[in-house]
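Trainee: If it helps, the file is called data_17.txt and holds compact mmCIF, C-alpha atoms:
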```
# COMPACT_ATOMS: atom_id res chain seq x y z
CA MET M 1 0.00 0.00 0.00
CA LEU M 2 2.78 2.44 0.91
CA THR M 3 4.53 1.65 -2.36
CA GLY M 4 1.32 2.47 -4.24
CA VAL M 5 0.96 5.81 -2.48
CA ARG M 6 4.58 6.56 -3.24
CA GLU M 7 4.15 5.79 -6.94
CA GLN M 8 0.97 7.83 -7.25
CA LEU M 9 2.48 10.85 -5.53
CA GLY M 10 5.69 10.59 -7.51
CA GLN M 11 3.83 10.33 -10.82
CA ALA M 12 1.58 13.28 -9.96
CA LEU M 13 4.57 15.48 -9.08
CA PHE M 14 6.45 14.40 -12.18
CA ARG M 15 3.47 15.18 -14.44
CA ARG M 16 3.19 18.65 -12.95
CA VAL M 17 6.87 19.41 -13.43
CA ALA M 18 7.61 17.60 -16.69
CA GLY M 19 4.28 17.62 -18.49
CA PRO M 20 2.48 14.81 -20.35
CA GLY M 21 5.55 14.05 -22.47
CA GLY M 22 7.78 13.83 -19.41
CA PRO M 23 8.56 10.08 -19.48
CA ALA M 24 9.63 10.16 -23.12
CA THR M 25 11.69 13.30 -22.57
CA ARG M 26 13.36 11.79 -19.51
CA ALA M 27 14.26 8.64 -21.43
CA ARG M 28 15.76 10.66 -24.27
CA ILE M 29 17.76 12.88 -21.92
CA HIS M 30 19.26 10.10 -19.84
CA HIS M 31 19.57 7.23 -22.31
CA THR M 32 20.71 8.84 -25.55
CA PRO M 33 24.41 8.04 -25.98
CA GLY M 34 26.92 10.80 -26.57
CA PRO M 35 29.13 13.34 -24.79
CA ARG M 36 27.59 15.62 -22.18
CA TRP M 37 28.39 19.14 -21.08
CA PHE M 38 28.68 17.84 -17.52
CA GLY M 39 30.04 14.51 -16.35
CA PRO M 40 28.30 12.38 -13.71
CA ASP M 41 30.50 13.73 -10.92
CA ARG M 42 29.79 17.43 -11.55
CA PRO M 43 28.04 19.44 -8.80
CA ILE M 44 25.42 20.81 -11.18
CA ARG M 45 24.00 17.29 -11.45
CA THR M 46 23.81 16.99 -7.68
CA VAL M 47 22.05 20.31 -7.19
CA HIS M 48 19.64 20.15 -10.11
CA GLY M 49 18.65 16.58 -9.32
CA ASP M 50 17.61 17.31 -5.75
CA ALA M 51 14.10 17.99 -4.39
CA SER M 52 15.35 21.31 -3.00
CA MET M 53 14.84 22.68 -6.53
CA PHE M 54 11.10 22.86 -5.82
CA ILE M 55 11.88 25.54 -3.24
CA GLY M 56 14.81 27.13 -5.04
CA GLY M 57 12.75 27.62 -8.18
CA LEU M 58 10.17 29.70 -6.32
CA THR M 59 12.91 31.74 -4.66
CA ALA M 60 14.47 32.40 -8.07
CA LEU M 61 11.19 33.66 -9.54
CA LEU M 62 10.68 36.06 -6.64
CA LEU M 63 14.23 37.37 -6.78
CA GLN M 64 14.32 37.70 -10.57
CA SER M 65 11.12 39.78 -10.49
CA LEU M 66 12.96 42.63 -8.77
CA HIS M 67 14.67 43.74 -11.97
CA PRO M 68 12.09 45.99 -13.68
CA LEU M 69 13.22 45.03 -17.18
CA ALA M 70 13.18 41.29 -16.45
CA MET M 71 9.77 41.59 -14.81
CA ALA M 72 8.39 43.61 -17.74
CA ALA M 73 9.55 40.91 -20.16
CA VAL M 74 7.94 38.17 -18.05
CA ALA M 75 4.69 40.09 -17.56
CA GLY M 76 4.43 40.97 -21.23
CA HIS M 77 5.53 37.80 -22.93
CA SER M 78 5.79 34.69 -20.74
CA GLY M 79 2.11 33.93 -20.11
CA PHE M 80 2.98 32.81 -16.59
CA ARG M 81 -0.52 33.60 -15.32
CA GLY M 82 -2.42 31.95 -18.14
CA ASP M 83 -0.17 28.90 -18.37
CA PRO M 84 2.02 28.68 -15.24
CA TRP M 85 2.41 24.92 -15.46
CA GLY M 86 3.47 25.09 -19.07
CA ARG M 87 6.12 27.62 -18.19
CA LEU M 88 7.33 25.44 -15.32
CA GLN M 89 7.49 22.41 -17.58
CA ARG M 90 9.46 24.24 -20.26
CA THR M 91 11.91 25.55 -17.67
CA SER M 92 12.38 22.18 -15.98
CA THR M 93 12.93 20.49 -19.33
CA PHE M 94 15.56 23.06 -20.28
CA LEU M 95 17.38 22.54 -16.99
CA ALA M 96 17.24 18.76 -17.40
CA VAL M 97 18.48 18.79 -20.99
CA THR M 98 21.39 21.14 -20.35
CA THR M 99 22.37 19.38 -17.12
CA TYR M 100 22.04 15.72 -18.11
CA GLY M 101 21.41 15.54 -21.86
CA THR M 102 23.84 15.07 -24.71
CA ALA M 103 25.92 18.05 -25.79
CA ALA M 104 23.99 18.15 -29.07
CA ASP M 105 20.61 18.24 -27.30
CA ALA M 106 21.86 20.84 -24.82
CA GLN M 107 23.03 23.10 -27.62
CA GLU M 108 19.74 22.65 -29.46
CA ALA M 109 17.83 23.65 -26.31
CA VAL M 110 20.02 26.73 -25.88
CA ASP M 111 19.60 27.73 -29.52
CA HIS M 112 15.82 27.44 -29.15
CA VAL M 113 15.77 29.69 -26.08
CA ARG M 114 18.07 32.22 -27.72
CA GLY M 115 15.69 32.37 -30.68
CA ILE M 116 12.83 33.16 -28.31
CA HIS M 117 14.88 35.79 -26.50
CA ARG M 118 15.69 37.58 -29.76
CA ARG M 119 11.97 38.11 -30.39
CA ILE M 120 11.09 39.38 -26.89
CA ARG M 121 11.40 43.14 -26.69
CA GLY M 122 9.29 46.05 -25.59
CA THR M 123 9.13 48.93 -23.13
CA THR M 124 8.27 49.16 -19.45
CA ALA M 125 5.36 51.23 -18.11
CA GLU M 126 7.88 54.04 -17.69
CA GLY M 127 8.92 53.81 -21.33
CA VAL M 128 12.29 52.09 -20.75
CA PRO M 129 13.13 49.66 -23.57
CA TYR M 130 14.06 46.05 -22.84
CA HIS M 131 15.27 43.10 -24.90
CA ALA M 132 15.38 39.59 -23.47
CA ALA M 133 18.61 38.90 -25.38
CA ASP M 134 20.43 41.75 -23.61
CA PRO M 135 23.55 40.13 -22.06
CA HIS M 136 23.29 42.36 -18.98
CA LEU M 137 19.69 41.29 -18.35
CA LEU M 138 20.60 37.64 -18.98
CA GLY M 139 23.35 38.06 -16.40
CA TRP M 140 20.84 39.14 -13.76
CA VAL M 141 18.46 36.28 -14.47
CA HIS M 142 21.34 33.81 -14.30
CA ALA M 143 22.84 35.21 -11.09
CA ALA M 144 19.47 35.28 -9.31
CA GLU M 145 18.66 31.74 -10.40
CA THR M 146 22.06 30.30 -9.49
CA ASP M 147 22.06 31.94 -6.07
CA SER M 148 18.53 30.70 -5.33
CA PHE M 149 19.24 27.11 -6.37
CA LEU M 150 22.45 27.13 -4.35
CA ARG M 151 20.79 28.51 -1.22
CA ALA M 152 17.98 25.98 -1.47
CA HIS M 153 20.37 23.06 -1.86
CA GLU M 154 22.58 24.26 0.98
CA ARG M 155 19.61 24.33 3.35
CA TYR M 156 17.36 21.54 2.07
CA GLY M 157 19.53 19.32 -0.11
CA ALA M 158 19.91 15.64 0.76
CA ARG M 159 23.70 15.93 0.62
CA PRO M 160 24.86 19.56 0.87
CA LEU M 161 28.16 20.28 -0.85
CA ASP M 162 31.23 21.77 0.77
CA ALA M 163 32.50 25.25 -0.13
CA ALA M 164 34.59 23.96 -3.02
CA GLY M 165 31.60 22.01 -4.32
CA TYR M 166 29.37 25.08 -4.39
CA ASP M 167 32.10 27.09 -6.10
CA ALA M 168 32.24 24.34 -8.71
CA TYR M 169 28.45 24.46 -9.05
CA VAL M 170 28.61 28.18 -9.86
CA ALA M 171 31.31 27.45 -12.44
CA ASP M 172 29.15 24.72 -13.99
CA THR M 173 26.16 27.04 -14.35
CA ALA M 174 28.39 29.65 -16.00
CA ARG M 175 28.81 27.22 -18.91
CA VAL M 176 25.08 27.35 -19.61
CA ALA M 177 24.82 31.11 -18.99
CA GLU M 178 27.54 31.84 -21.53
CA ALA M 179 25.84 29.61 -24.08
CA LEU M 180 22.65 31.64 -23.57
CA GLY M 181 24.48 34.91 -24.18
CA ALA M 182 25.50 36.16 -20.73
CA VAL M 183 28.93 37.82 -20.63
CA ASP M 184 31.51 36.80 -18.03
CA PRO M 185 29.14 35.05 -15.59
CA PRO M 186 30.45 34.45 -12.05
CA ARG M 187 32.68 31.40 -11.58
CA ASP M 188 32.53 30.93 -7.82
CA ARG M 189 30.36 31.89 -4.89
CA SER M 190 32.34 35.03 -4.06
CA GLU M 191 31.96 36.35 -7.60
CA LEU M 192 28.27 35.46 -7.50
CA ALA M 193 27.74 37.54 -4.35
CA GLU M 194 29.64 40.44 -5.90
CA ARG M 195 27.53 40.25 -9.06
CA LEU M 196 24.26 40.33 -7.12
CA THR M 197 25.49 43.34 -5.19
CA ALA M 198 26.44 45.10 -8.42
CA TYR M 199 22.87 44.71 -9.72
CA ARG M 200 21.20 46.06 -6.61
CA PRO M 201 21.03 49.74 -7.71
CA GLU M 202 18.93 48.59 -10.69
CA LEU M 203 16.43 46.62 -8.61
CA ARG M 204 13.06 47.66 -7.26
CA ALA M 205 9.70 46.08 -6.58
CA THR M 206 7.44 47.33 -9.34
CA PRO M 207 3.67 46.83 -9.13
CA GLU M 208 4.17 43.95 -11.57
CA ALA M 209 6.74 42.33 -9.26
CA ARG M 210 4.47 42.57 -6.22
CA SER M 211 1.56 41.24 -8.24
CA ALA M 212 3.67 38.30 -9.38
CA ALA M 213 4.68 37.63 -5.76
CA ARG M 214 1.03 37.58 -4.67
CA PHE M 215 0.21 35.19 -7.50
CA LEU M 216 3.09 32.86 -6.65
CA LEU M 217 2.60 32.91 -2.89
CA LEU M 218 -1.13 33.38 -2.37
CA GLN M 219 -2.97 32.50 -5.57
CA PRO M 220 -1.37 29.35 -7.01
CA PRO M 221 -3.44 27.55 -9.66
CA LEU M 222 -3.86 24.46 -7.52
CA PRO M 223 -6.76 22.47 -6.02
CA LEU M 224 -7.59 23.52 -2.46
CA PRO M 225 -6.43 20.22 -0.87
CA VAL M 226 -2.93 20.71 -2.30
CA ARG M 227 -2.51 24.34 -1.30
CA PRO M 228 -1.23 23.72 2.26
CA PHE M 229 1.56 21.57 0.78
CA TYR M 230 2.40 24.30 -1.71
CA GLY M 231 2.15 26.92 1.02
CA GLY M 232 4.92 25.19 2.94
CA LEU M 233 7.16 25.24 -0.13
CA ALA M 234 6.33 28.90 -0.78
CA ALA M 235 7.04 29.94 2.81
CA SER M 236 10.35 28.09 2.67
CA ALA M 237 11.21 29.87 -0.58
CA VAL M 238 10.60 33.27 0.99
CA THR M 239 12.98 32.52 3.87
CA LEU M 240 15.80 31.95 1.36
CA LEU M 241 15.52 35.43 -0.13
CA PRO M 242 18.22 37.94 0.83
CA PRO M 243 16.87 40.33 3.51
CA TRP M 244 17.00 43.29 1.12
CA ALA M 245 14.91 41.41 -1.44
CA ARG M 246 12.30 40.51 1.17
CA GLY M 247 12.12 44.14 2.17
CA MET M 248 11.50 45.25 -1.41
CA LEU M 249 8.69 42.72 -1.81
CA ARG M 250 7.22 43.57 1.63
CA LEU M 251 7.71 40.05 2.93
CA PRO M 252 8.77 40.66 6.55
CA ARG M 253 10.82 38.16 8.52
CA VAL M 254 9.25 36.50 11.57
CA PRO M 255 12.29 34.86 13.23
CA VAL M 256 10.62 32.57 15.77
CA VAL M 257 7.98 31.27 13.36
CA GLU M 258 10.52 30.75 10.59
CA ASP M 259 13.04 28.97 12.79
CA LEU M 260 10.54 26.75 14.62
CA ALA M 261 7.98 26.08 11.88
CA VAL M 262 8.92 27.11 8.35
CA ARG M 263 12.39 25.61 8.15
CA PRO M 264 11.36 22.21 9.61
CA THR M 265 8.34 22.19 7.29
CA GLY M 266 10.60 22.78 4.29
CA GLN M 267 12.80 19.90 5.37
CA VAL M 268 9.82 17.55 5.75
CA LEU M 269 8.37 18.55 2.38
CA THR M 270 11.62 18.12 0.46
CA ARG M 271 12.16 14.71 2.12
CA THR M 272 8.63 13.73 1.09
CA ILE M 273 9.18 14.85 -2.52
CA ARG M 274 12.52 13.04 -2.61
CA TRP M 275 10.90 9.86 -1.26
CA ALA M 276 8.01 10.03 -3.73
CA MET M 277 10.16 10.67 -6.79
CA THR M 278 12.81 8.06 -6.04
CA PRO M 279 11.81 4.73 -7.62
CA ALA M 280 11.18 2.04 -5.03
CA ARG M 281 13.73 -0.78 -5.01
CA GLU M 282 12.58 -4.25 -5.82
CA ILE M 283 12.81 -6.63 -2.86
```
Spit out the file's structure as structure tokens when you get a sec.

Mentor:
Amino acid sequence: MLTGVREQLGQALFRRVAGPGGPATRARIHHTPGPRWFGPDRPIRTVHGDASMFIGGLTALLLQSLHPLAMAAVAGHSGFRGDPWGRLQRTSTFLAVTTYGTAADAQEAVDHVRGIHRRIRGTTAEGVPYHAADPHLLGWVHAAETDSFLRAHERYGARPLDAAGYDAYVADTARVAEALGAVDPPRDRSELAERLTAYRPELRATPEARSAARFLLLQPPLPLPVRPFYGGLAASAVTLLPPWARGMLRLPRVPVVEDLAVRPTGQVLTRTIRWAMTPAREI
């Protein structure tokens, strides 16, 4: 009975993240022979294959929204409200292909995204032009994402890496960022922190960013019975944000509640996801 529950939960989670074509895509990614961008011992495989990504992904979306140009591009072109699951599935597939797939498939995925980026341009409500292919804007999106995934894995990962391992993770992600068009992405954790600091004068919580935060945290397109589970993930994601980012988004810190309730909840939820999505061993 427990095995059946495990399989049902694991399949439901996988369908949400990978979409209806997930099993075929997974088979192609992992079983197609050929060289990879990253070998089996690389830290990027450890981080991106862990259940902590469920939390880190939410943190990344919240943090990325604080750049007005990035948020304008998302609000105007991504369709994240109308098709949030589709966007999640496309993002997770891209991460899987570039992390685990053949070099040829990884390059094809990057070329596809770059083609989309070239077409996304417009102006903010204040009349400031943006272009999704702008290397500076790509650099922000990459730095925010890498920092969020790293923080989530450090706190909730099954096997947190040491300092050298996380430096190597940042270096691994730089390979993908450069392929997408970012210029001189950070290569270790110190450079990553410096890069985030350098972007801070450009950041602010626009009405679009706060609206996106409300949607992500309070109005997820989920059935009511599942929302408490999602709420635990969302609360855990908020606690990983840098204090300055939380302040911009008006998400105050409540130390006692976070230390005694939110963090343990995040640990339980990631363990549950990890258990559900790990195939049961035959006895």

Trainee: Taking (12.2, 19.9, -10.8) in the file's coordinates, which residues come within 7 Å, counting only C-alpha atoms, written as a PyMOL selection string?

Mentor: chain M and resi 17+51+53-54+92

Trainee: Would you please work out which residue, of M:Ile120, M:Ala174, M:Leu138, M:Ala152, is nearest to Glu191 (chain M) when using only C-alpha atoms?

Mentor: M:Ala174

Trainee: Counting only C-alpha atoms, figure out which residue out of M:Val97, M:Ala193, M:Asp134, M:Trp140 gets nearest to Arg119 (chain M).

Mentor: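 Ranked by minimum distance to Arg119 (chain M), first place goes to M:Asp134.
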
Trainee: Dump as a tab-separated table the rows for residues of region 148-213 of chain M within 10 Å of region 60-76 of chain M: closest atom pair and distance in Å with one decimal, all atoms listed in the file counted, ordered by chain and rising residue number.

Mentor:
```
residue	atom	partner	partner_atom	distance
M:Ser148	CA	M:Ala60	CA	5.2
M:Phe149	CA	M:Ala60	CA	7.3
M:Ala152	CA	M:Ala60	CA	9.9
M:Tyr199	CA	M:His67	CA	8.6
M:Arg200	CA	M:His67	CA	8.8
M:Pro201	CA	M:His67	CA	9.7
M:Glu202	CA	M:His67	CA	6.6
M:Leu203	CA	M:His67	CA	4.8
M:Arg204	CA	M:Leu66	CA	5.3
M:Ala205	CA	M:Leu66	CA	5.2
M:Thr206	CA	M:Pro68	CA	6.5
M:Pro207	CA	M:Pro68	CA	9.6
M:Glu208	CA	M:Met71	CA	6.9
M:Ala209	CA	M:Ser65	CA	5.2
M:Arg210	CA	M:Ser65	CA	8.4
M:Ser211	CA	M:Ala75	CA	9.9
M:Ala212	CA	M:Ser65	CA	7.7
M:Ala213	CA	M:Leu62	CA	6.3
```

Trainee: Would you compute an axis-aligned box for region 176-193 of chain M, covering every atom listed for it in the file with 4 Å of margin on each side, and report centre and edge lengths in Å to one decimal as lines of an AutoDock Vina configuration file?

Mentor:
```
center_x = 27.7
center_y = 32.6
center_z = -14.1
size_x = 18.0
size_y = 18.5
size_z = 28.1
```

Trainee: Just checking: using only C-alpha atoms, which residue out of M:His117, M:Tyr166, M:Arg195, M:Gly57 ends up closest to His131 (chain M)?

Mentor: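 Among M:His117, M:Tyr166, M:Arg195, M:Gly57, it is M:His117 that comes nearest to His131 (chain M).
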
Trainee: Give as a ChimeraX atom specification each residue that has an atom at most 9 Å from (35.5, 31.3, -0.2) in the file, counting all atoms listed in the file.

Mentor: /M:163-164,167,188-190

Trainee: Just give me the gap between CA of Ala179 (chain M) and CA of Pro135 (chain M) in Å, one decimal is fine.

Mentor: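 The value is 11.0 Å.
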
Trainee: Between CA of Arg253 (chain M) and CA of Tyr230 (chain M), what is the distance, to one decimal in Å?

Mentor: 19.2 Å

Trainee: Would you kindly return, as a count of residues only, each protein, DNA or RNA residue with an atom no farther than 12 Å from any atom of region 25-34 of chain M, considering only C-alpha atoms and excluding same-chain residues fewer than 4 positions away?

Mentor: 28

Trainee: Excluding same-chain residues fewer than 3 positions from Leu161 (chain M), what lies within 9 Å of it counting only C-alpha atoms, as number ranges by chain?

Mentor: M: 43, 46-47, 153-154, 157, 164-166

Trainee: Interatomic distance between CA of Val141 (chain M) and CA of Asp41 (chain M)?

Mentor: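 About the pair CA of Val141 (chain M) and CA of Asp41 (chain M): they are 25.8 Å apart.
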
Trainee: Could you check the closest approach to Ile44 (chain M) for each of M:Leu137, M:Arg175, M:Ala261, M:Pro242 and tell me which residue wins, using all atoms listed in the file?

Mentor: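 Counting all atoms listed in the file, the residue closest to Ile44 (chain M) is M:Arg175.
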
Trainee: Of the candidates M:Ala171, M:Arg36, M:Thr197, M:Ala158, which shows the shortest atom-to-atom distance to Ser52 (chain M), using only C-alpha atoms?

Mentor: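 Smallest distance to Ser52 (chain M) is found for M:Ala158.
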
Trainee: Residues within 12 Å of Gln219 (chain M), please, as a PDB file with C-alpha atoms, in the frame of the given file. Count all atoms listed in the file; anything in the same chain fewer than 4 positions from it doesn't count.

Mentor:
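Saved result, part-v7.pdb, follows:
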```pdb
ATOM      1  CA  ARG M  81      -0.520  33.600 -15.320  1.00  0.00           C
ATOM      2  CA  PRO M  84       2.020  28.680 -15.240  1.00  0.00           C
ATOM      3  CA  SER M 211       1.560  41.240  -8.240  1.00  0.00           C
ATOM      4  CA  ALA M 212       3.670  38.300  -9.380  1.00  0.00           C
ATOM      5  CA  ALA M 213       4.680  37.630  -5.760  1.00  0.00           C
ATOM      6  CA  ARG M 214       1.030  37.580  -4.670  1.00  0.00           C
ATOM      7  CA  PHE M 215       0.210  35.190  -7.500  1.00  0.00           C
ATOM      8  CA  PRO M 223      -6.760  22.470  -6.020  1.00  0.00           C
ATOM      9  CA  LEU M 224      -7.590  23.520  -2.460  1.00  0.00           C
ATOM     10  CA  ARG M 227      -2.510  24.340  -1.300  1.00  0.00           C
ATOM     11  CA  PRO M 228      -1.230  23.720   2.260  1.00  0.00           C
ATOM     12  CA  TYR M 230       2.400  24.300  -1.710  1.00  0.00           C
ATOM     13  CA  GLY M 231       2.150  26.920   1.020  1.00  0.00           C
ATOM     14  CA  ALA M 234       6.330  28.900  -0.780  1.00  0.00           C
TER      15      ALA M 234
END
```
